[in-house]
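coords.cif (mmCIF, C-alpha atoms and all ligand atoms) appears below.
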data_final
loop_
_atom_site.label_atom_id
_atom_site.label_comp_id
_atom_site.auth_asym_id
_atom_site.auth_seq_id
_atom_site.Cartn_x
_atom_site.Cartn_y
_atom_site.Cartn_z
CA MET A 1 99.90 135.13 66.65
CA ASN A 2 101.67 138.47 67.21
CA SER A 3 105.35 138.05 67.93
CA LEU A 4 104.86 134.69 69.66
CA ASN A 5 105.77 131.49 67.84
CA SER A 6 103.89 128.25 68.60
CA ALA A 7 106.49 126.99 71.06
CA GLU A 8 106.28 130.23 73.05
CA LEU A 9 102.48 130.21 72.98
CA LEU A 10 102.46 126.56 74.05
CA ASP A 11 104.64 127.53 77.00
CA LEU A 12 102.15 130.24 78.02
CA TYR A 13 99.30 127.74 77.61
CA GLN A 14 101.11 125.32 79.89
CA ARG A 15 101.57 128.02 82.54
CA MET A 16 97.88 129.00 82.37
CA LEU A 17 96.70 125.40 82.50
CA ARG A 18 98.93 124.76 85.51
CA ILE A 19 97.31 127.62 87.42
CA ARG A 20 93.81 126.47 86.35
CA ARG A 21 94.39 122.90 87.49
CA ILE A 22 95.97 123.99 90.78
CA GLU A 23 93.03 126.28 91.54
CA GLU A 24 90.60 123.45 90.67
CA ALA A 25 92.51 121.06 92.93
CA ILE A 26 92.37 123.60 95.77
CA ALA A 27 88.61 123.99 95.22
CA GLU A 28 88.16 120.23 95.31
CA ARG A 29 90.11 119.84 98.55
CA TYR A 30 88.79 123.00 100.20
CA VAL A 31 85.47 121.36 101.09
CA GLU A 32 87.36 118.89 103.32
CA GLN A 33 87.67 121.83 105.76
CA GLN A 34 91.37 121.27 106.30
CA MET A 35 92.37 124.52 104.63
CA ARG A 36 91.02 127.00 107.13
CA CYS A 37 91.84 130.28 105.39
CA PRO A 38 89.46 132.31 103.19
CA THR A 39 90.48 131.55 99.60
CA HIS A 40 89.83 133.65 96.49
CA LEU A 41 90.38 131.63 93.31
CA CYS A 42 91.46 133.16 90.01
CA ILE A 43 89.85 130.63 87.67
CA GLY A 44 89.06 132.40 84.39
CA GLU A 45 91.70 135.11 84.91
CA GLU A 46 94.88 133.08 84.36
CA ALA A 47 96.03 134.83 81.17
CA ILE A 48 96.81 138.09 82.98
CA ALA A 49 99.19 136.65 85.56
CA VAL A 50 100.91 134.51 82.94
CA GLY A 51 101.14 137.11 80.15
CA VAL A 52 102.57 139.74 82.50
CA CYS A 53 104.96 137.57 84.53
CA ALA A 54 106.40 135.97 81.38
CA HIS A 55 108.44 139.19 80.97
CA LEU A 56 109.80 139.34 84.50
CA THR A 57 113.19 138.18 85.69
CA ASN A 58 113.66 136.51 89.05
CA SER A 59 114.91 139.81 90.50
CA ASP A 60 111.89 141.80 89.32
CA LYS A 61 109.29 142.09 92.04
CA VAL A 62 105.58 141.35 92.24
CA PHE A 63 102.97 142.54 94.74
CA SER A 64 99.46 141.17 94.75
CA ASN A 65 96.10 141.17 96.48
CA HIS A 66 93.62 138.72 98.00
CA ARG A 67 93.31 136.83 94.67
CA GLY A 68 97.00 136.08 94.45
CA HIS A 69 97.60 132.37 93.73
CA GLY A 70 97.98 132.90 89.98
CA HIS A 71 100.35 135.85 90.43
CA TYR A 72 102.41 133.87 92.91
CA LEU A 73 102.69 130.80 90.68
CA ALA A 74 103.33 132.82 87.52
CA LYS A 75 106.18 134.65 89.27
CA GLY A 76 107.81 131.33 90.12
CA GLY A 77 106.57 130.82 93.69
CA SER A 78 106.81 127.31 95.14
CA LEU A 79 103.75 125.12 94.56
CA VAL A 80 104.40 123.06 97.69
CA GLY A 81 104.96 126.32 99.58
CA LEU A 82 101.56 127.58 98.41
CA ILE A 83 99.63 124.43 99.24
CA ALA A 84 101.32 123.97 102.63
CA GLU A 85 100.50 127.62 103.37
CA LEU A 86 96.81 126.99 102.67
CA TYR A 87 96.91 124.11 105.16
CA GLY A 88 98.60 126.32 107.76
CA PHE A 89 101.73 124.17 107.85
CA ALA A 90 105.21 125.35 108.79
CA GLU A 91 106.45 124.31 105.32
CA GLY A 92 104.21 126.98 103.75
CA CYS A 93 105.76 129.99 102.06
CA CYS A 94 104.86 132.12 105.11
CA GLY A 95 105.46 129.37 107.65
CA GLY A 96 101.76 128.59 107.75
CA ARG A 97 100.96 131.93 109.38
CA GLY A 98 99.57 133.75 106.36
CA GLY A 99 97.17 131.53 104.47
CA SER A 100 95.88 132.15 100.97
CA MET A 101 95.73 135.94 101.23
CA HIS A 102 99.18 136.59 102.71
CA LEU A 103 101.69 135.02 100.37
CA SER A 104 105.32 135.99 100.23
CA ASP A 105 108.36 134.33 98.70
CA LEU A 106 111.39 136.57 98.55
CA SER A 107 113.44 133.99 96.64
CA ALA A 108 110.88 134.19 93.81
CA GLY A 109 110.65 138.00 93.93
CA PHE A 110 107.07 137.74 95.12
CA ILE A 111 107.20 140.28 97.91
CA ALA A 112 103.71 140.30 99.35
CA SER A 113 100.01 139.90 98.90
CA THR A 114 97.48 141.20 101.40
CA PRO A 115 93.67 141.22 101.45
CA ILE A 116 93.29 144.87 102.49
CA VAL A 117 92.11 146.24 99.15
CA GLY A 118 94.81 148.68 98.03
CA GLY A 119 97.07 147.71 100.93
CA THR A 120 100.00 146.58 98.81
CA VAL A 121 99.70 149.38 96.24
CA PRO A 122 101.74 152.09 98.01
CA VAL A 123 104.17 149.46 99.29
CA ALA A 124 104.85 148.40 95.71
CA ALA A 125 105.53 152.03 94.79
CA GLY A 126 107.89 152.34 97.74
CA TYR A 127 109.67 149.21 96.60
CA ALA A 128 109.93 150.60 93.06
CA TRP A 129 111.42 153.81 94.49
CA GLY A 130 114.00 151.69 96.30
CA GLU A 131 114.87 149.87 93.07
CA GLN A 132 115.21 153.20 91.29
CA ARG A 133 117.48 154.63 93.98
CA ARG A 134 119.68 151.53 93.75
CA ASN A 135 119.81 151.86 89.92
CA SER A 136 118.88 148.20 89.81
CA LYS A 137 116.94 148.07 86.51
CA ASN A 138 114.39 145.89 88.28
CA VAL A 139 110.71 146.47 87.63
CA VAL A 140 107.95 146.19 90.23
CA VAL A 141 104.52 144.92 89.18
CA ILE A 142 101.43 145.46 91.31
CA PHE A 143 98.27 143.46 90.51
CA PHE A 144 94.92 144.78 91.75
CA GLY A 145 91.24 144.72 90.81
CA ASP A 146 88.66 147.18 89.49
CA GLY A 147 87.38 147.52 93.07
CA CYS A 148 90.80 148.66 94.18
CA PHE A 149 90.61 151.47 91.63
CA GLU A 150 88.04 153.06 93.97
CA GLU A 151 90.55 153.28 96.83
CA GLY A 152 92.05 156.73 97.42
CA VAL A 153 95.49 155.28 98.04
CA LEU A 154 95.63 154.00 94.47
CA HIS A 155 95.32 157.55 93.16
CA GLU A 156 97.83 158.90 95.67
CA THR A 157 100.21 156.19 94.54
CA MET A 158 99.74 156.99 90.84
CA ASN A 159 100.48 160.65 91.58
CA PHE A 160 103.66 159.81 93.45
CA ALA A 161 104.78 157.19 90.92
CA VAL A 162 104.52 159.73 88.10
CA LEU A 163 106.25 162.42 90.15
CA LYS A 164 109.20 160.10 90.76
CA GLN A 165 108.97 158.30 87.38
CA LEU A 166 109.06 154.98 89.19
CA PRO A 167 109.74 151.63 87.46
CA LEU A 168 106.25 150.46 88.41
CA VAL A 169 103.76 148.53 86.28
CA MET A 170 100.22 148.75 87.62
CA VAL A 171 98.01 145.92 86.38
CA CYS A 172 94.27 146.39 86.89
CA GLU A 173 92.40 143.11 86.53
CA ASN A 174 89.00 144.48 85.59
CA ASN A 175 86.62 141.59 86.22
CA GLN A 176 83.66 144.00 86.59
CA TYR A 177 82.90 142.99 90.15
CA SER A 178 83.87 143.91 93.65
CA VAL A 179 82.50 140.95 95.61
CA MET A 180 78.92 140.97 94.25
CA THR A 181 78.62 144.62 93.24
CA PRO A 182 78.97 145.25 89.51
CA LEU A 183 81.16 148.01 88.16
CA TYR A 184 78.20 149.98 86.78
CA GLU A 185 76.81 150.42 90.31
CA ARG A 186 80.17 151.64 91.62
CA GLN A 187 81.73 153.78 88.92
CA PRO A 188 80.44 156.04 86.15
CA ALA A 189 80.22 154.43 82.71
CA ARG A 190 83.72 155.00 81.39
CA ASP A 191 86.98 153.13 80.97
CA ILE A 192 89.40 153.00 83.87
CA TYR A 193 92.70 153.40 82.05
CA PRO A 194 92.19 157.01 80.85
CA ILE A 195 92.04 158.06 84.50
CA ALA A 196 95.49 156.55 85.00
CA ALA A 197 96.57 158.40 81.85
CA ALA A 198 95.20 161.63 83.36
CA HIS A 199 97.49 161.04 86.35
CA GLY A 200 100.34 160.88 83.84
CA LEU A 201 100.92 157.16 83.56
CA GLN A 202 101.28 155.53 80.18
CA ALA A 203 98.02 153.59 80.14
CA VAL A 204 96.41 151.10 77.78
CA SER A 205 93.66 148.50 77.95
CA GLY A 206 93.20 145.08 76.43
CA ASP A 207 91.51 141.71 76.50
CA GLY A 208 92.79 139.99 79.61
CA ASN A 209 91.56 136.61 78.40
CA LYS A 210 93.81 136.61 75.33
CA VAL A 211 97.24 135.75 76.61
CA GLU A 212 98.98 136.89 73.43
CA GLN A 213 97.40 140.34 73.86
CA VAL A 214 98.34 140.55 77.52
CA TYR A 215 101.85 139.38 76.61
CA ALA A 216 102.26 142.07 73.94
CA LEU A 217 100.91 144.91 76.12
CA ALA A 218 102.97 143.78 79.11
CA GLU A 219 106.11 143.48 76.99
CA ASN A 220 105.88 147.17 76.05
CA ALA A 221 104.90 148.33 79.53
CA ILE A 222 107.62 146.38 81.33
CA ALA A 223 110.32 147.42 78.87
CA ALA A 224 109.25 151.07 79.19
CA ALA A 225 109.27 150.95 82.99
CA ARG A 226 112.65 149.22 82.97
CA ASN A 227 114.11 151.82 80.61
CA GLY A 228 113.17 154.80 82.72
CA ALA A 229 109.96 155.84 80.94
CA GLY A 230 108.07 155.96 84.26
CA PRO A 231 105.05 154.10 85.58
CA GLN A 232 102.80 152.12 83.29
CA PHE A 233 99.16 151.09 83.63
CA LEU A 234 97.38 148.13 82.07
CA GLU A 235 93.60 147.73 82.33
CA LEU A 236 92.86 144.14 81.38
CA HIS A 237 89.30 142.88 81.01
CA THR A 238 88.49 139.46 82.41
CA HIS A 239 86.02 137.60 84.61
CA ARG A 240 86.26 135.41 87.68
CA TRP A 241 84.24 132.20 87.34
CA PRO A 242 83.90 131.01 90.96
CA GLU A 243 82.26 132.84 93.82
CA HIS A 244 84.20 135.83 95.15
CA CYS A 245 85.62 133.82 98.03
CA GLY A 246 85.46 130.05 98.25
CA PRO A 247 85.48 126.94 96.08
CA ASN A 248 82.01 127.08 94.53
CA GLU A 249 80.23 128.84 91.71
CA ASP A 250 77.51 131.25 92.77
CA ASP A 251 75.69 132.16 89.60
CA GLU A 252 72.39 131.26 91.26
CA LEU A 253 72.71 134.33 93.48
CA GLY A 254 71.79 136.45 90.48
CA TYR A 255 74.23 139.34 90.80
CA ARG A 256 75.46 138.68 87.27
CA PHE A 257 73.24 139.15 84.23
CA PRO A 258 71.65 135.89 83.03
CA GLY A 259 74.11 134.27 80.64
CA GLU A 260 76.99 136.55 81.61
CA LEU A 261 79.08 133.83 83.25
CA LEU A 262 78.42 131.45 80.36
CA ALA A 263 79.51 134.10 77.85
CA TRP A 264 82.76 134.58 79.76
CA LYS A 265 83.32 130.83 79.92
CA GLN A 266 83.08 130.81 76.15
CA ARG A 267 85.88 133.39 76.25
CA CYS A 268 88.01 131.06 78.41
CA PRO A 269 91.72 131.93 78.09
CA LEU A 270 92.61 128.25 77.73
CA LEU A 271 89.98 127.58 75.06
CA HIS A 272 91.15 130.62 73.12
CA THR A 273 94.82 129.69 73.24
CA GLY A 274 94.07 126.00 72.62
CA ARG A 275 92.25 126.99 69.43
CA THR A 276 95.11 129.22 68.28
CA LEU A 277 97.58 126.41 68.89
CA ALA A 278 95.43 123.95 66.93
CA GLU A 279 95.23 126.41 64.02
CA ALA A 280 99.03 126.72 64.18
CA GLY A 281 99.28 122.93 63.78
CA VAL A 282 100.20 122.00 67.34
CA ALA A 283 99.04 118.42 67.89
CA ALA A 284 96.37 117.62 70.48
CA GLU A 285 98.78 115.08 72.00
CA ALA A 286 101.12 117.92 72.98
CA LEU A 287 98.32 119.48 75.05
CA LEU A 288 97.40 116.11 76.53
CA ASP A 289 101.00 115.55 77.51
CA ILE A 290 101.08 118.91 79.30
CA GLU A 291 97.81 118.04 81.05
CA GLN A 292 99.26 114.77 82.33
CA ARG A 293 102.51 116.31 83.54
CA ILE A 294 100.61 119.02 85.41
CA GLY A 295 98.30 116.44 86.99
CA ALA A 296 101.28 114.46 88.27
CA GLU A 297 103.02 117.59 89.57
CA ILE A 298 99.92 118.68 91.50
CA ALA A 299 99.33 115.24 93.02
CA GLU A 300 102.93 115.13 94.20
CA ALA A 301 102.80 118.69 95.53
CA PHE A 302 99.68 117.92 97.60
CA ALA A 303 101.31 114.76 98.96
CA ARG A 304 104.44 116.69 99.95
CA ALA A 305 102.49 119.60 101.43
CA LEU A 306 100.19 117.30 103.40
CA ALA A 307 103.19 115.62 104.98
CA GLY A 308 103.83 118.95 106.73
CA GLN A 309 103.08 120.03 110.28
CA PRO A 310 101.58 123.13 111.87
CA PRO A 311 104.14 125.62 113.21
CA GLU A 312 105.58 124.83 116.65
CA LEU A 313 103.94 126.67 119.53
CA ALA A 314 107.43 127.57 120.76
CA ASP A 315 107.94 129.52 117.48
CA MET A 316 104.89 131.67 118.06
CA GLU A 317 106.86 134.88 118.62
CA ARG A 318 109.28 134.37 115.74
CA HIS A 319 108.99 136.80 112.82
CA LEU A 320 107.49 139.51 115.02
CA TYR A 321 109.14 142.91 115.04
CA VAL A 322 108.94 143.47 118.78
C1 LIG B 1 89.94 148.28 102.36
C2 LIG B 1 89.04 147.11 102.14
N1 LIG B 1 87.74 147.30 101.88
C3 LIG B 1 86.92 146.26 101.67
C4 LIG B 1 87.40 144.98 101.74
C5 LIG B 1 86.47 143.78 101.48
N2 LIG B 1 86.82 143.23 100.14
C6 LIG B 1 87.64 142.16 100.02
S1 LIG B 1 87.91 141.76 98.42
C7 LIG B 1 86.89 142.98 97.88
C8 LIG B 1 86.62 143.15 96.42
C9 LIG B 1 87.72 143.76 95.69
O1 LIG B 1 87.36 143.81 94.34
P1 LIG B 1 88.47 143.92 93.25
O2 LIG B 1 89.52 144.86 93.72
O3 LIG B 1 87.81 144.24 91.98
O4 LIG B 1 89.13 142.47 93.22
P2 LIG B 1 88.44 141.08 92.79
O5 LIG B 1 87.95 140.45 94.04
O6 LIG B 1 87.36 141.37 91.84
O7 LIG B 1 89.54 140.29 92.17
C10 LIG B 1 86.39 143.71 98.95
C11 LIG B 1 85.48 144.86 98.81
C12 LIG B 1 88.76 144.81 102.04
N3 LIG B 1 89.32 143.60 102.10
N4 LIG B 1 89.57 145.88 102.22
MG MG B 2 87.01 143.02 90.58
#

Rewrite the structure from the file as structure tokens, please.
Amino acid sequence: MNSLNSAELLDLYQRMLRIRRIEEAIAERYVEQQMRCPTHLCIGEEAIAVGVCAHLTNSDKVFSNHRGHGHYLAKGGSLVGLIAELYGFAEGCCGGRGGSMHLSDLSAGFIASTPIVGGTVPVAAGYAWGEQRRNSKNVVVIFFGDGCFEEGVLHETMNFAVLKQLPLVMVCENNQYSVMTPLYERQPARDIYPIAAAHGLQAVSGDGNKVEQVYALAENAIAAARNGAGPQFLELHTHRWPEHCGPNEDDELGYRFPGELLAWKQRCPLLHTGRTLAEAGVAAEALLDIEQRIGAEIAEAFARALAGQPPELADMERHLYV
């Protein structure tokens, strides 16, 4: 179980399960057509957000992309703030103006997510430069996908981050797909992380569905970035279960190999960690108890969020620069 004891692993399990159940609840409610923003769920990929963010303090910073709910929750973002944001209510973390793909919660150190692929990457590097210039010891983490690795700005950012030895941890969630196009139709057959290493980042890869592996790799990377060793790169292999955008599964569309989704479901991060916990002697009741507490928390969060209101028309020009 690496350096994690059962209590620590149980805590990571609880965090992953919470994200899974929240995403499932969003999917269930999404079909009611009251959440009017495009929504990219991270079901199947929870271990990465949790294993990385477990090492971050409140003053460390996270940037994310279109698939950001898990990153936001793992960094300590408000659940009611997230749900209200999806409904477009003023109580949302962005005042109901952002929706699923534009989350921000400065009090949680979750600076921004945006759906422009690669859009937050240079901003995260700029933020890391600011932290460095302030001698803050804070680390900035940027989450992005394998598709984002094809954006020129990602490579410009890696170059600059190495030049300045920024306290930046770049986390590539390699789920093998950009929308419906598989990696092998977009990139030559090779790993991604050696290209980051060629830019001069310290780069490693691992199984993004094994939270203990993510935790161990992230522990090293975050400590190194914090201690002035320069930017770090993690390529973590995983798979998204639902359709690219929306609440459903889409395996019938046939862009995955037959059986591919099923094979990834058998590699479910929760199943894996649940098994490890059982082997370590953690009682099934402990997991059931967690399940019940999460269920109650989500029900209450939806009730609180749904009591919200859309932003006032009179506030329309607030938060604008000009
Ligand atoms: C610059 C840009 N190009 C294209 C798109 C359309 N788009 C939205 S998400 C996405 C897939 C990104 O894939 P990846 O980075 O691997 O993230 P994943 O969805 O797999 O988590 C694309 C192409 C976009 N939003 N921005
Ligand atoms: Mg992808």

Practice prompt. Step by step: start from the point (103.3, 137.2, 103.5) in the file's coordinates, keep every protein, DNA or RNA residue that has an atom no farther than 6 Å from it, count only C-alpha atoms, and write the set as a ChimeraX atom specification.
Written response: /A:94,98,102-104,112

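For the choices A:Ile142, A:Met16, A:Ala307, A:Leu163, the atom-to-atom distance to A:Phe233 is smallest for A:Ile142 when using all atoms listed in the file.
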
Worksheet entry | Within 8 Å of A:Phe63 using all atoms listed in the file, minus same-chain residues under 6 positions, as a list in words | Phe110, Ile111, Ala112, Ser113, Thr120, Val121, Ala124, Val140, Val141, Ile142 and Phe143 of chain A

Include C-alpha atoms and write out the residues we just selected as a CSV table (one decimal), in the frame of the given file.
chain,number,residue,atom,x,y,z
A,110,PHE,CA,107.1,137.7,95.1
A,111,ILE,CA,107.2,140.3,97.9
A,112,ALA,CA,103.7,140.3,99.4
A,113,SER,CA,100.0,139.9,98.9
A,120,THR,CA,100.0,146.6,98.8
A,121,VAL,CA,99.7,149.4,96.2
A,124,ALA,CA,104.8,148.4,95.7
A,140,VAL,CA,108.0,146.2,90.2
A,141,VAL,CA,104.5,144.9,89.2
A,142,ILE,CA,101.4,145.5,91.3
A,143,PHE,CA,98.3,143.5,90.5

Worksheet entry | Local residues around (101.8, 156.5, 83.3), at most 8 Å away, using only C-alpha atoms, as a ChimeraX atom specification | /A:158,162,196-197,199-203,230-233

Box dimensions and centre (Å, one decimal) enclosing ligand LIG 1 (chain B), axis-aligned, 6 Å extra per side, as JSON:
{"center_x": 87.7, "center_y": 144.3, "center_z": 97.1, "size_x": 16.5, "size_y": 20.0, "size_z": 22.5}

Worksheet item: So which one's closest to A:Trp129, A:Gln187, A:Leu313, A:Glu297, A:Pro167? Using all atoms listed in the file, please.
Response: A:Pro167

Worksheet item: Within 10 Å of A:Arg133, counting all atoms listed in the file, which residues qualify if same-chain residues fewer than 5 places away don't, as a list in words?
Response: Tyr127, Ala128 and Leu166 of chain A

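If you count all atoms listed in the file and ignore residues fewer than 6 places along the chain from A:Leu271, what sits within 12 Å of it is Tyr13, Met16, Leu17, Arg20, Gly44, Glu46, Ala47, Asn209, Lys210, Val211, Trp264, Lys265, Leu277, Ala278 and Leu287 of chain A.
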
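Between atom CA of A:Ala305 and atom CA of A:Cys93 lies a distance of 10.9 Å.
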
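Each of A:Ala161, A:Ala301, A:Cys268, A:Cys148 was checked against ligand MG 2 (chain B) using all atoms listed in the file; the smallest atom-to-atom distance is that of A:Cys148.
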
Worksheet entry | Surrounding residues as a VMD selection string, ligand MG 2 (chain B), max 6 Å, only C-alpha atoms and all ligand atoms | chain A and resid 145 to 147 174 to 178

Worksheet item: Could you list, as JSON, numbers by chain, all the residues within 9 Å of ligand LIG 1 (chain B), counting only C-alpha atoms and all ligand atoms?
Response: {"A": [40, 41, 42, 65, 66, 67, 68, 114, 115, 116, 117, 118, 119, 144, 145, 146, 147, 148, 149, 150, 151, 172, 173, 174, 175, 176, 177, 178, 179, 180, 181, 183, 239, 240, 244, 245]}

Fill in: Which of A:Ile19, A:Ile192, A:Ile222, A:Met35 sits closest to A:Tyr72 [using all atoms listed in the file]
A:Ile19

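Using all atoms listed in the file for every distance, the candidate list A:Asn159, A:Asn248, A:Ser64, A:Gln165 yields A:Gln165 as the residue closest to A:Ala224.
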
Response to the item:
Atom pair atom CA of A:Met101 + atom CA of A:Ala49, distance 16.1 Å

Discussion item. I'd like the interatomic distance between atom CA of A:Met170 and atom CA of A:Leu234, to a tenth of an Å.
Written reply: 6.3 Å
